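Okay, my_file_7.pdb now, which holds PDB, C-alpha atoms, pLDDT in the B column:
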```pdb
ATOM      1  CA  MET C   4       0.000   0.000   0.000  1.00 55.00           C
ATOM      2  CA  ALA C   5       1.531   3.300  -1.089  1.00 57.00           C
ATOM      3  CA  THR C   6       0.973   6.508   0.832  1.00 61.00           C
ATOM      4  CA  SER C   7       1.399   9.941  -0.579  1.00 60.00           C
ATOM      5  CA  THR C   8       4.124  12.028   0.996  1.00 64.00           C
ATOM      6  CA  ALA C   9       3.403  15.194  -0.969  1.00 58.00           C
ATOM      7  CA  PRO C  10       3.964  18.312   1.136  1.00 63.00           C
ATOM      8  CA  LEU C  11       0.905  20.206   2.218  1.00 64.00           C
ATOM      9  CA  THR C  12       0.799  23.717   0.821  1.00 69.00           C
ATOM     10  CA  LYS C  13      -1.155  26.689   2.010  1.00 69.00           C
ATOM     11  CA  PRO C  14      -3.504  28.353  -0.436  1.00 65.00           C
ATOM     12  CA  ALA C  15      -2.183  31.658  -1.769  1.00 65.00           C
ATOM     13  CA  ALA C  16      -3.600  34.725  -0.090  1.00 73.00           C
ATOM     14  CA  ALA C  17      -5.892  36.843  -2.192  1.00 75.00           C
ATOM     15  CA  THR C  18      -4.564  40.155  -3.472  1.00 75.00           C
ATOM     16  CA  VAL C  19      -5.711  43.076  -1.356  1.00 79.00           C
ATOM     17  CA  PHE C  20      -6.578  45.530  -4.106  1.00 85.00           C
ATOM     18  CA  PRO C  21      -7.464  48.568  -1.916  1.00 85.00           C
ATOM     19  CA  ILE C  22      -3.975  48.537  -0.371  1.00 80.00           C
ATOM     20  CA  LEU C  23      -2.374  47.995  -3.774  1.00 84.00           C
ATOM     21  CA  PHE C  24      -4.301  50.963  -5.211  1.00 87.00           C
ATOM     22  CA  ALA C  25      -3.411  53.146  -2.203  1.00 81.00           C
ATOM     23  CA  ILE C  26       0.284  52.360  -2.608  1.00 81.00           C
ATOM     24  CA  SER C  27       0.054  53.084  -6.332  1.00 86.00           C
ATOM     25  CA  ILE C  28      -1.637  56.444  -5.774  1.00 84.00           C
ATOM     26  CA  VAL C  29       0.882  57.454  -3.113  1.00 78.00           C
ATOM     27  CA  HIS C  30       3.728  56.485  -5.456  1.00 81.00           C
ATOM     28  CA  LEU C  31       2.150  58.555  -8.253  1.00 85.00           C
ATOM     29  CA  LEU C  32       1.818  61.570  -5.961  1.00 79.00           C
ATOM     30  CA  ASN C  33       5.396  61.204  -4.740  1.00 76.00           C
ATOM     31  CA  ASP C  34       6.801  61.071  -8.278  1.00 81.00           C
ATOM     32  CA  SER C  35       4.615  64.010  -9.315  1.00 81.00           C
ATOM     33  CA  MET C  36       5.857  66.123  -6.421  1.00 76.00           C
ATOM     34  CA  GLN C  37       9.493  65.245  -7.163  1.00 78.00           C
ATOM     35  CA  SER C  38       9.078  66.321 -10.780  1.00 82.00           C
ATOM     36  CA  THR C  39       7.488  69.569  -9.578  1.00 82.00           C
ATOM     37  CA  VAL C  40      10.762  70.540  -7.891  1.00 82.00           C
ATOM     38  CA  SER C  41      12.617  70.102 -11.180  1.00 85.00           C
ATOM     39  CA  ALA C  42      10.004  72.216 -12.970  1.00 86.00           C
ATOM     40  CA  LEU C  43      10.597  74.990 -10.413  1.00 86.00           C
ATOM     41  CA  PHE C  44      14.328  75.247 -11.171  1.00 90.00           C
ATOM     42  CA  PRO C  45      14.014  78.213 -13.592  1.00 91.00           C
ATOM     43  CA  ILE C  46      11.825  80.097 -11.125  1.00 89.00           C
ATOM     44  CA  LEU C  47      14.174  79.338  -8.230  1.00 86.00           C
ATOM     45  CA  ARG C  48      17.179  80.398 -10.302  1.00 91.00           C
ATOM     46  CA  ASP C  49      15.600  83.785 -11.105  1.00 92.00           C
ATOM     47  CA  SER C  50      13.985  84.524  -7.754  1.00 91.00           C
ATOM     48  CA  LEU C  51      16.897  83.415  -5.559  1.00 90.00           C
ATOM     49  CA  ASP C  52      19.636  84.449  -8.011  1.00 93.00           C
ATOM     50  CA  LEU C  53      21.112  80.941  -8.070  1.00 92.00           C
ATOM     51  CA  SER C  54      23.814  79.753 -10.444  1.00 93.00           C
ATOM     52  CA  TYR C  55      23.483  76.679 -12.605  1.00 93.00           C
ATOM     53  CA  LYS C  56      25.970  74.956 -10.315  1.00 95.00           C
ATOM     54  CA  GLN C  57      23.717  75.597  -7.315  1.00 93.00           C
ATOM     55  CA  ILE C  58      20.667  74.325  -9.211  1.00 93.00           C
ATOM     56  CA  GLY C  59      22.675  71.222 -10.164  1.00 93.00           C
ATOM     57  CA  LEU C  60      23.640  70.667  -6.528  1.00 93.00           C
ATOM     58  CA  ILE C  61      19.981  70.911  -5.502  1.00 89.00           C
ATOM     59  CA  ALA C  62      19.067  68.288  -8.120  1.00 89.00           C
ATOM     60  CA  PHE C  63      22.018  66.107  -7.082  1.00 91.00           C
ATOM     61  CA  ALA C  64      21.078  66.293  -3.387  1.00 89.00           C
ATOM     62  CA  MET C  65      17.436  65.515  -4.132  1.00 85.00           C
ATOM     63  CA  ASN C  66      18.241  62.504  -6.337  1.00 85.00           C
ATOM     64  CA  MET C  67      21.020  61.111  -4.140  1.00 87.00           C
ATOM     65  CA  THR C  68      18.891  61.416  -1.014  1.00 83.00           C
ATOM     66  CA  ALA C  69      16.071  59.538  -2.719  1.00 79.00           C
ATOM     67  CA  SER C  70      18.449  56.923  -4.135  1.00 83.00           C
ATOM     68  CA  LEU C  71      20.213  56.252  -0.845  1.00 87.00           C
ATOM     69  CA  LEU C  72      17.235  56.444   1.496  1.00 84.00           C
ATOM     70  CA  GLN C  73      14.738  54.414  -0.535  1.00 81.00           C
ATOM     71  CA  PRO C  74      16.532  51.060  -0.128  1.00 86.00           C
ATOM     72  CA  ALA C  75      17.084  51.663   3.590  1.00 87.00           C
ATOM     73  CA  VAL C  76      13.486  52.687   4.199  1.00 81.00           C
ATOM     74  CA  GLY C  77      12.255  49.792   2.034  1.00 81.00           C
ATOM     75  CA  TYR C  78      14.306  47.319   4.049  1.00 88.00           C
ATOM     76  CA  ALA C  79      12.971  48.742   7.327  1.00 85.00           C
ATOM     77  CA  ALA C  80       9.421  48.610   5.964  1.00 82.00           C
ATOM     78  CA  ASP C  81       9.879  44.965   4.986  1.00 85.00           C
ATOM     79  CA  LEU C  82      11.001  44.114   8.514  1.00 90.00           C
ATOM     80  CA  LYS C  83       8.132  45.902  10.243  1.00 87.00           C
ATOM     81  CA  PRO C  84       5.309  46.983   7.895  1.00 82.00           C
ATOM     82  CA  ARG C  85       3.439  50.161   8.802  1.00 81.00           C
ATOM     83  CA  PRO C  86       1.143  51.028   5.868  1.00 76.00           C
ATOM     84  CA  TYR C  87      -0.365  54.044   7.643  1.00 78.00           C
ATOM     85  CA  ILE C  88       2.959  55.889   7.280  1.00 79.00           C
ATOM     86  CA  LEU C  89       2.598  56.123   3.476  1.00 73.00           C
ATOM     87  CA  PRO C  90       0.057  58.954   3.379  1.00 78.00           C
ATOM     88  CA  ILE C  91       1.814  60.711   6.268  1.00 84.00           C
ATOM     89  CA  GLY C  92       5.088  60.762   4.319  1.00 78.00           C
ATOM     90  CA  VAL C  93       3.386  62.138   1.221  1.00 77.00           C
ATOM     91  CA  CYS C  94       1.759  64.869   3.321  1.00 83.00           C
ATOM     92  CA  PHE C  95       5.208  65.903   4.651  1.00 85.00           C
ATOM     93  CA  THR C  96       6.520  66.071   1.086  1.00 77.00           C
ATOM     94  CA  LEU C  97       3.497  68.119   0.047  1.00 79.00           C
ATOM     95  CA  VAL C  98       4.058  70.561   2.915  1.00 85.00           C
ATOM     96  CA  GLY C  99       7.687  70.945   1.851  1.00 80.00           C
ATOM     97  CA  ILE C 100       6.804  71.676  -1.766  1.00 75.00           C
ATOM     98  CA  VAL C 101       3.994  74.070  -0.840  1.00 81.00           C
ATOM     99  CA  SER C 102       6.302  75.938   1.531  1.00 82.00           C
ATOM    100  CA  LEU C 103       8.865  76.142  -1.280  1.00 72.00           C
ATOM    101  CA  ALA C 104       6.275  77.928  -3.392  1.00 68.00           C
TER     102      ALA C 104
END
```
Turn this file's structure into structure tokens for me.
Amino acid sequence: MATSTAPLTKPAAATVFPILFAISIVHLLNDSMQSTVSALFPILRDSLDLSYKQIGLIAFAMNMTASLLQPAVGYAADLKPRPYILPIGVCFTLVGIVSLA
């Protein structure tokens, strides 16, 4: 008599679409706000009398900060998920861009 020794597998969890859509919208807003800063470069250059070197340093700092912090924050979020922080972070970015205006 043969017995089956196939491993028992758990059924896959269903996709939680509301959370997926919320993350997508927050990501869209974040990218839109980051591109707004680049669109403001000519206005900042004229109003603050900045050189092209200073504008380049602003762009460099913005992109390097995002590039270096995103993997670290992503790793921390994978260890201890806190989905409620997503909209809070976008609100802080929005406040920063509005105060820049």
Starting from the displayed file, determine the output of the PyMOL selection byres ((chain C and resi 36) around 12) and express the residue list as a short mmCIF file (atom, residue, chain, number, x, y, z; two decimals) with C-alpha atoms, keeping the file's coordinate frame.
```cif
data_model
loop_
_atom_site.label_atom_id
_atom_site.label_comp_id
_atom_site.auth_asym_id
_atom_site.auth_seq_id
_atom_site.Cartn_x
_atom_site.Cartn_y
_atom_site.Cartn_z
CA VAL C 29 0.88 57.45 -3.11
CA HIS C 30 3.73 56.48 -5.46
CA LEU C 31 2.15 58.56 -8.25
CA LEU C 32 1.82 61.57 -5.96
CA ASN C 33 5.40 61.20 -4.74
CA ASP C 34 6.80 61.07 -8.28
CA SER C 35 4.62 64.01 -9.32
CA GLN C 37 9.49 65.24 -7.16
CA SER C 38 9.08 66.32 -10.78
CA THR C 39 7.49 69.57 -9.58
CA VAL C 40 10.76 70.54 -7.89
CA SER C 41 12.62 70.10 -11.18
CA ALA C 42 10.00 72.22 -12.97
CA LEU C 43 10.60 74.99 -10.41
CA MET C 65 17.44 65.52 -4.13
CA VAL C 93 3.39 62.14 1.22
CA CYS C 94 1.76 64.87 3.32
CA PHE C 95 5.21 65.90 4.65
CA THR C 96 6.52 66.07 1.09
CA LEU C 97 3.50 68.12 0.05
CA VAL C 98 4.06 70.56 2.92
CA GLY C 99 7.69 70.94 1.85
CA ILE C 100 6.80 71.68 -1.77
CA VAL C 101 3.99 74.07 -0.84
CA LEU C 103 8.86 76.14 -1.28
#
```
Computed interatomic separation between atom CA of C:Ile22 and atom CA of C:Ala80 (Å) | 14.8 Å
Looking at only C-alpha atoms, which of C:Pro21, C:Pro74, C:Pro45, C:Gly59 is the one that sits closest to C:Pro86?
->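 With only C-alpha atoms as the atom set, the closest residue is C:Pro21.
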Adding 4 Å on each side of the box along x, y and z that holds all listed atoms of stretch 49-54 of chain C, could you give its centre and edge lengths in Å to one decimal, as lines of an AutoDock Vina configuration file?
```
center_x = 18.9
center_y = 82.1
center_z = -8.3
size_x = 17.8
size_y = 12.8
size_z = 13.5
```
For the atom pair atom CA of C:Ala25 and atom CA of C:Tyr87, what is the interatomic distance in Å to one decimal place?
-> 10.3 Å
Between C:Ser70, C:Lys83, C:Phe44, C:Ala17, single out the one closest to C:Ile58, counting only C-alpha atoms.
->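 Smallest separation from C:Ile58 among the options: C:Phe44.
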So what do you get for atom CA of C:Ile26 versus atom CA of C:Pro90, distance-wise?
-> 8.9 Å
Subset file as a PDB file, in the first residue's frame: stretch 44-57 of chain C, all heavy atoms:
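The result, stored in result_37.pdb:
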```pdb
ATOM      1  N   PHE C  44      12.933  74.794 -11.096  1.00  0.00           N
ATOM      2  CA  PHE C  44      14.328  75.247 -11.171  1.00  0.00           C
ATOM      3  C   PHE C  44      14.486  76.609 -11.851  1.00  0.00           C
ATOM      4  O   PHE C  44      15.210  77.460 -11.334  1.00  0.00           O
ATOM      5  CB  PHE C  44      15.209  74.207 -11.845  1.00  0.00           C
ATOM      6  CG  PHE C  44      15.550  73.033 -10.964  1.00  0.00           C
ATOM      7  CD1 PHE C  44      16.041  71.875 -11.512  1.00  0.00           C
ATOM      8  CD2 PHE C  44      15.393  73.092  -9.590  1.00  0.00           C
ATOM      9  CE1 PHE C  44      16.366  70.789 -10.717  1.00  0.00           C
ATOM     10  CE2 PHE C  44      15.710  72.018  -8.781  1.00  0.00           C
ATOM     11  CZ  PHE C  44      16.195  70.868  -9.352  1.00  0.00           C
ATOM     12  N   PRO C  45      13.851  76.875 -12.996  1.00  0.00           N
ATOM     13  CA  PRO C  45      14.014  78.213 -13.592  1.00  0.00           C
ATOM     14  C   PRO C  45      13.483  79.336 -12.694  1.00  0.00           C
ATOM     15  O   PRO C  45      14.085  80.412 -12.605  1.00  0.00           O
ATOM     16  CB  PRO C  45      13.218  78.145 -14.891  1.00  0.00           C
ATOM     17  CG  PRO C  45      13.086  76.695 -15.190  1.00  0.00           C
ATOM     18  CD  PRO C  45      13.097  75.986 -13.870  1.00  0.00           C
ATOM     19  N   ILE C  46      12.392  79.075 -12.018  1.00  0.00           N
ATOM     20  CA  ILE C  46      11.825  80.097 -11.125  1.00  0.00           C
ATOM     21  C   ILE C  46      12.737  80.305  -9.925  1.00  0.00           C
ATOM     22  O   ILE C  46      12.986  81.444  -9.509  1.00  0.00           O
ATOM     23  CB  ILE C  46      10.408  79.677 -10.686  1.00  0.00           C
ATOM     24  CG1 ILE C  46       9.482  79.606 -11.905  1.00  0.00           C
ATOM     25  CG2 ILE C  46       9.853  80.624  -9.626  1.00  0.00           C
ATOM     26  CD1 ILE C  46       8.155  78.966 -11.639  1.00  0.00           C
ATOM     27  N   LEU C  47      13.251  79.220  -9.362  1.00  0.00           N
ATOM     28  CA  LEU C  47      14.174  79.338  -8.230  1.00  0.00           C
ATOM     29  C   LEU C  47      15.456  80.060  -8.638  1.00  0.00           C
ATOM     30  O   LEU C  47      15.984  80.874  -7.883  1.00  0.00           O
ATOM     31  CB  LEU C  47      14.514  77.949  -7.682  1.00  0.00           C
ATOM     32  CG  LEU C  47      13.415  77.202  -6.961  1.00  0.00           C
ATOM     33  CD1 LEU C  47      13.877  75.795  -6.619  1.00  0.00           C
ATOM     34  CD2 LEU C  47      12.990  77.941  -5.729  1.00  0.00           C
ATOM     35  N   ARG C  48      15.946  79.766  -9.835  1.00  0.00           N
ATOM     36  CA  ARG C  48      17.179  80.398 -10.302  1.00  0.00           C
ATOM     37  C   ARG C  48      16.997  81.913 -10.416  1.00  0.00           C
ATOM     38  O   ARG C  48      17.857  82.684  -9.987  1.00  0.00           O
ATOM     39  CB  ARG C  48      17.593  79.816 -11.646  1.00  0.00           C
ATOM     40  CG  ARG C  48      18.933  80.334 -12.140  1.00  0.00           C
ATOM     41  CD  ARG C  48      19.344  79.673 -13.433  1.00  0.00           C
ATOM     42  NE  ARG C  48      18.410  79.868 -14.515  1.00  0.00           N
ATOM     43  CZ  ARG C  48      18.383  80.960 -15.300  1.00  0.00           C
ATOM     44  NH1 ARG C  48      19.223  81.921 -15.121  1.00  0.00           N
ATOM     45  NH2 ARG C  48      17.494  81.037 -16.275  1.00  0.00           N
ATOM     46  N   ASP C  49      15.842  82.349 -10.948  1.00  0.00           N
ATOM     47  CA  ASP C  49      15.600  83.785 -11.105  1.00  0.00           C
ATOM     48  C   ASP C  49      15.282  84.471  -9.786  1.00  0.00           C
ATOM     49  O   ASP C  49      15.805  85.541  -9.495  1.00  0.00           O
ATOM     50  CB  ASP C  49      14.465  84.021 -12.105  1.00  0.00           C
ATOM     51  CG  ASP C  49      14.845  83.591 -13.511  1.00  0.00           C
ATOM     52  OD1 ASP C  49      16.062  83.524 -13.798  1.00  0.00           O
ATOM     53  OD2 ASP C  49      13.934  83.327 -14.313  1.00  0.00           O
ATOM     54  N   SER C  50      14.431  83.855  -8.978  1.00  0.00           N
ATOM     55  CA  SER C  50      13.985  84.524  -7.754  1.00  0.00           C
ATOM     56  C   SER C  50      15.047  84.531  -6.655  1.00  0.00           C
ATOM     57  O   SER C  50      15.126  85.475  -5.876  1.00  0.00           O
ATOM     58  CB  SER C  50      12.692  83.892  -7.233  1.00  0.00           C
ATOM     59  OG  SER C  50      12.931  82.558  -6.837  1.00  0.00           O
ATOM     60  N   LEU C  51      15.871  83.490  -6.596  1.00  0.00           N
ATOM     61  CA  LEU C  51      16.897  83.415  -5.559  1.00  0.00           C
ATOM     62  C   LEU C  51      18.293  83.741  -6.085  1.00  0.00           C
ATOM     63  O   LEU C  51      19.265  83.659  -5.337  1.00  0.00           O
ATOM     64  CB  LEU C  51      16.903  82.009  -4.926  1.00  0.00           C
ATOM     65  CG  LEU C  51      15.616  81.596  -4.225  1.00  0.00           C
ATOM     66  CD1 LEU C  51      15.709  80.159  -3.745  1.00  0.00           C
ATOM     67  CD2 LEU C  51      15.302  82.524  -3.067  1.00  0.00           C
ATOM     68  N   ASP C  52      18.370  84.101  -7.364  1.00  0.00           N
ATOM     69  CA  ASP C  52      19.636  84.449  -8.011  1.00  0.00           C
ATOM     70  C   ASP C  52      20.665  83.332  -7.832  1.00  0.00           C
ATOM     71  O   ASP C  52      21.794  83.551  -7.389  1.00  0.00           O
ATOM     72  CB  ASP C  52      20.168  85.769  -7.472  1.00  0.00           C
ATOM     73  CG  ASP C  52      21.240  86.371  -8.367  1.00  0.00           C
ATOM     74  OD1 ASP C  52      21.188  86.113  -9.593  1.00  0.00           O
ATOM     75  OD2 ASP C  52      22.133  87.062  -7.847  1.00  0.00           O
ATOM     76  N   LEU C  53      20.244  82.104  -8.196  1.00  0.00           N
ATOM     77  CA  LEU C  53      21.112  80.941  -8.070  1.00  0.00           C
ATOM     78  C   LEU C  53      21.869  80.704  -9.373  1.00  0.00           C
ATOM     79  O   LEU C  53      21.387  81.025 -10.460  1.00  0.00           O
ATOM     80  CB  LEU C  53      20.289  79.689  -7.742  1.00  0.00           C
ATOM     81  CG  LEU C  53      19.503  79.704  -6.432  1.00  0.00           C
ATOM     82  CD1 LEU C  53      18.654  78.453  -6.321  1.00  0.00           C
ATOM     83  CD2 LEU C  53      20.424  79.829  -5.251  1.00  0.00           C
ATOM     84  N   SER C  54      23.053  80.127  -9.250  1.00  0.00           N
ATOM     85  CA  SER C  54      23.814  79.753 -10.444  1.00  0.00           C
ATOM     86  C   SER C  54      23.372  78.365 -10.902  1.00  0.00           C
ATOM     87  O   SER C  54      22.680  77.639 -10.187  1.00  0.00           O
ATOM     88  CB  SER C  54      25.310  79.758 -10.132  1.00  0.00           C
ATOM     89  OG  SER C  54      25.622  78.706  -9.232  1.00  0.00           O
ATOM     90  N   TYR C  55      23.810  78.017 -12.107  1.00  0.00           N
ATOM     91  CA  TYR C  55      23.483  76.679 -12.605  1.00  0.00           C
ATOM     92  C   TYR C  55      24.152  75.605 -11.749  1.00  0.00           C
ATOM     93  O   TYR C  55      23.627  74.507 -11.591  1.00  0.00           O
ATOM     94  CB  TYR C  55      23.890  76.533 -14.065  1.00  0.00           C
ATOM     95  CG  TYR C  55      22.948  77.263 -15.002  1.00  0.00           C
ATOM     96  CD1 TYR C  55      23.352  78.408 -15.662  1.00  0.00           C
ATOM     97  CD2 TYR C  55      21.661  76.799 -15.210  1.00  0.00           C
ATOM     98  CE1 TYR C  55      22.492  79.076 -16.516  1.00  0.00           C
ATOM     99  CE2 TYR C  55      20.783  77.457 -16.048  1.00  0.00           C
ATOM    100  CZ  TYR C  55      21.207  78.599 -16.710  1.00  0.00           C
ATOM    101  OH  TYR C  55      20.352  79.256 -17.541  1.00  0.00           O
ATOM    102  N   LYS C  56      25.286  75.907 -11.197  1.00  0.00           N
ATOM    103  CA  LYS C  56      25.970  74.956 -10.315  1.00  0.00           C
ATOM    104  C   LYS C  56      25.122  74.699  -9.068  1.00  0.00           C
ATOM    105  O   LYS C  56      24.981  73.549  -8.634  1.00  0.00           O
ATOM    106  CB  LYS C  56      27.336  75.503  -9.916  1.00  0.00           C
ATOM    107  CG  LYS C  56      28.115  74.597  -9.007  1.00  0.00           C
ATOM    108  CD  LYS C  56      29.456  75.199  -8.652  1.00  0.00           C
ATOM    109  CE  LYS C  56      30.211  74.301  -7.682  1.00  0.00           C
ATOM    110  NZ  LYS C  56      31.509  74.855  -7.320  1.00  0.00           N
ATOM    111  N   GLN C  57      24.551  75.761  -8.504  1.00  0.00           N
ATOM    112  CA  GLN C  57      23.717  75.597  -7.315  1.00  0.00           C
ATOM    113  C   GLN C  57      22.441  74.818  -7.630  1.00  0.00           C
ATOM    114  O   GLN C  57      22.009  73.971  -6.842  1.00  0.00           O
ATOM    115  CB  GLN C  57      23.382  76.962  -6.724  1.00  0.00           C
ATOM    116  CG  GLN C  57      24.577  77.653  -6.109  1.00  0.00           C
ATOM    117  CD  GLN C  57      24.304  79.097  -5.776  1.00  0.00           C
ATOM    118  OE1 GLN C  57      23.602  79.802  -6.492  1.00  0.00           O
ATOM    119  NE2 GLN C  57      24.865  79.545  -4.646  1.00  0.00           N
TER     120      GLN C  57
END
```
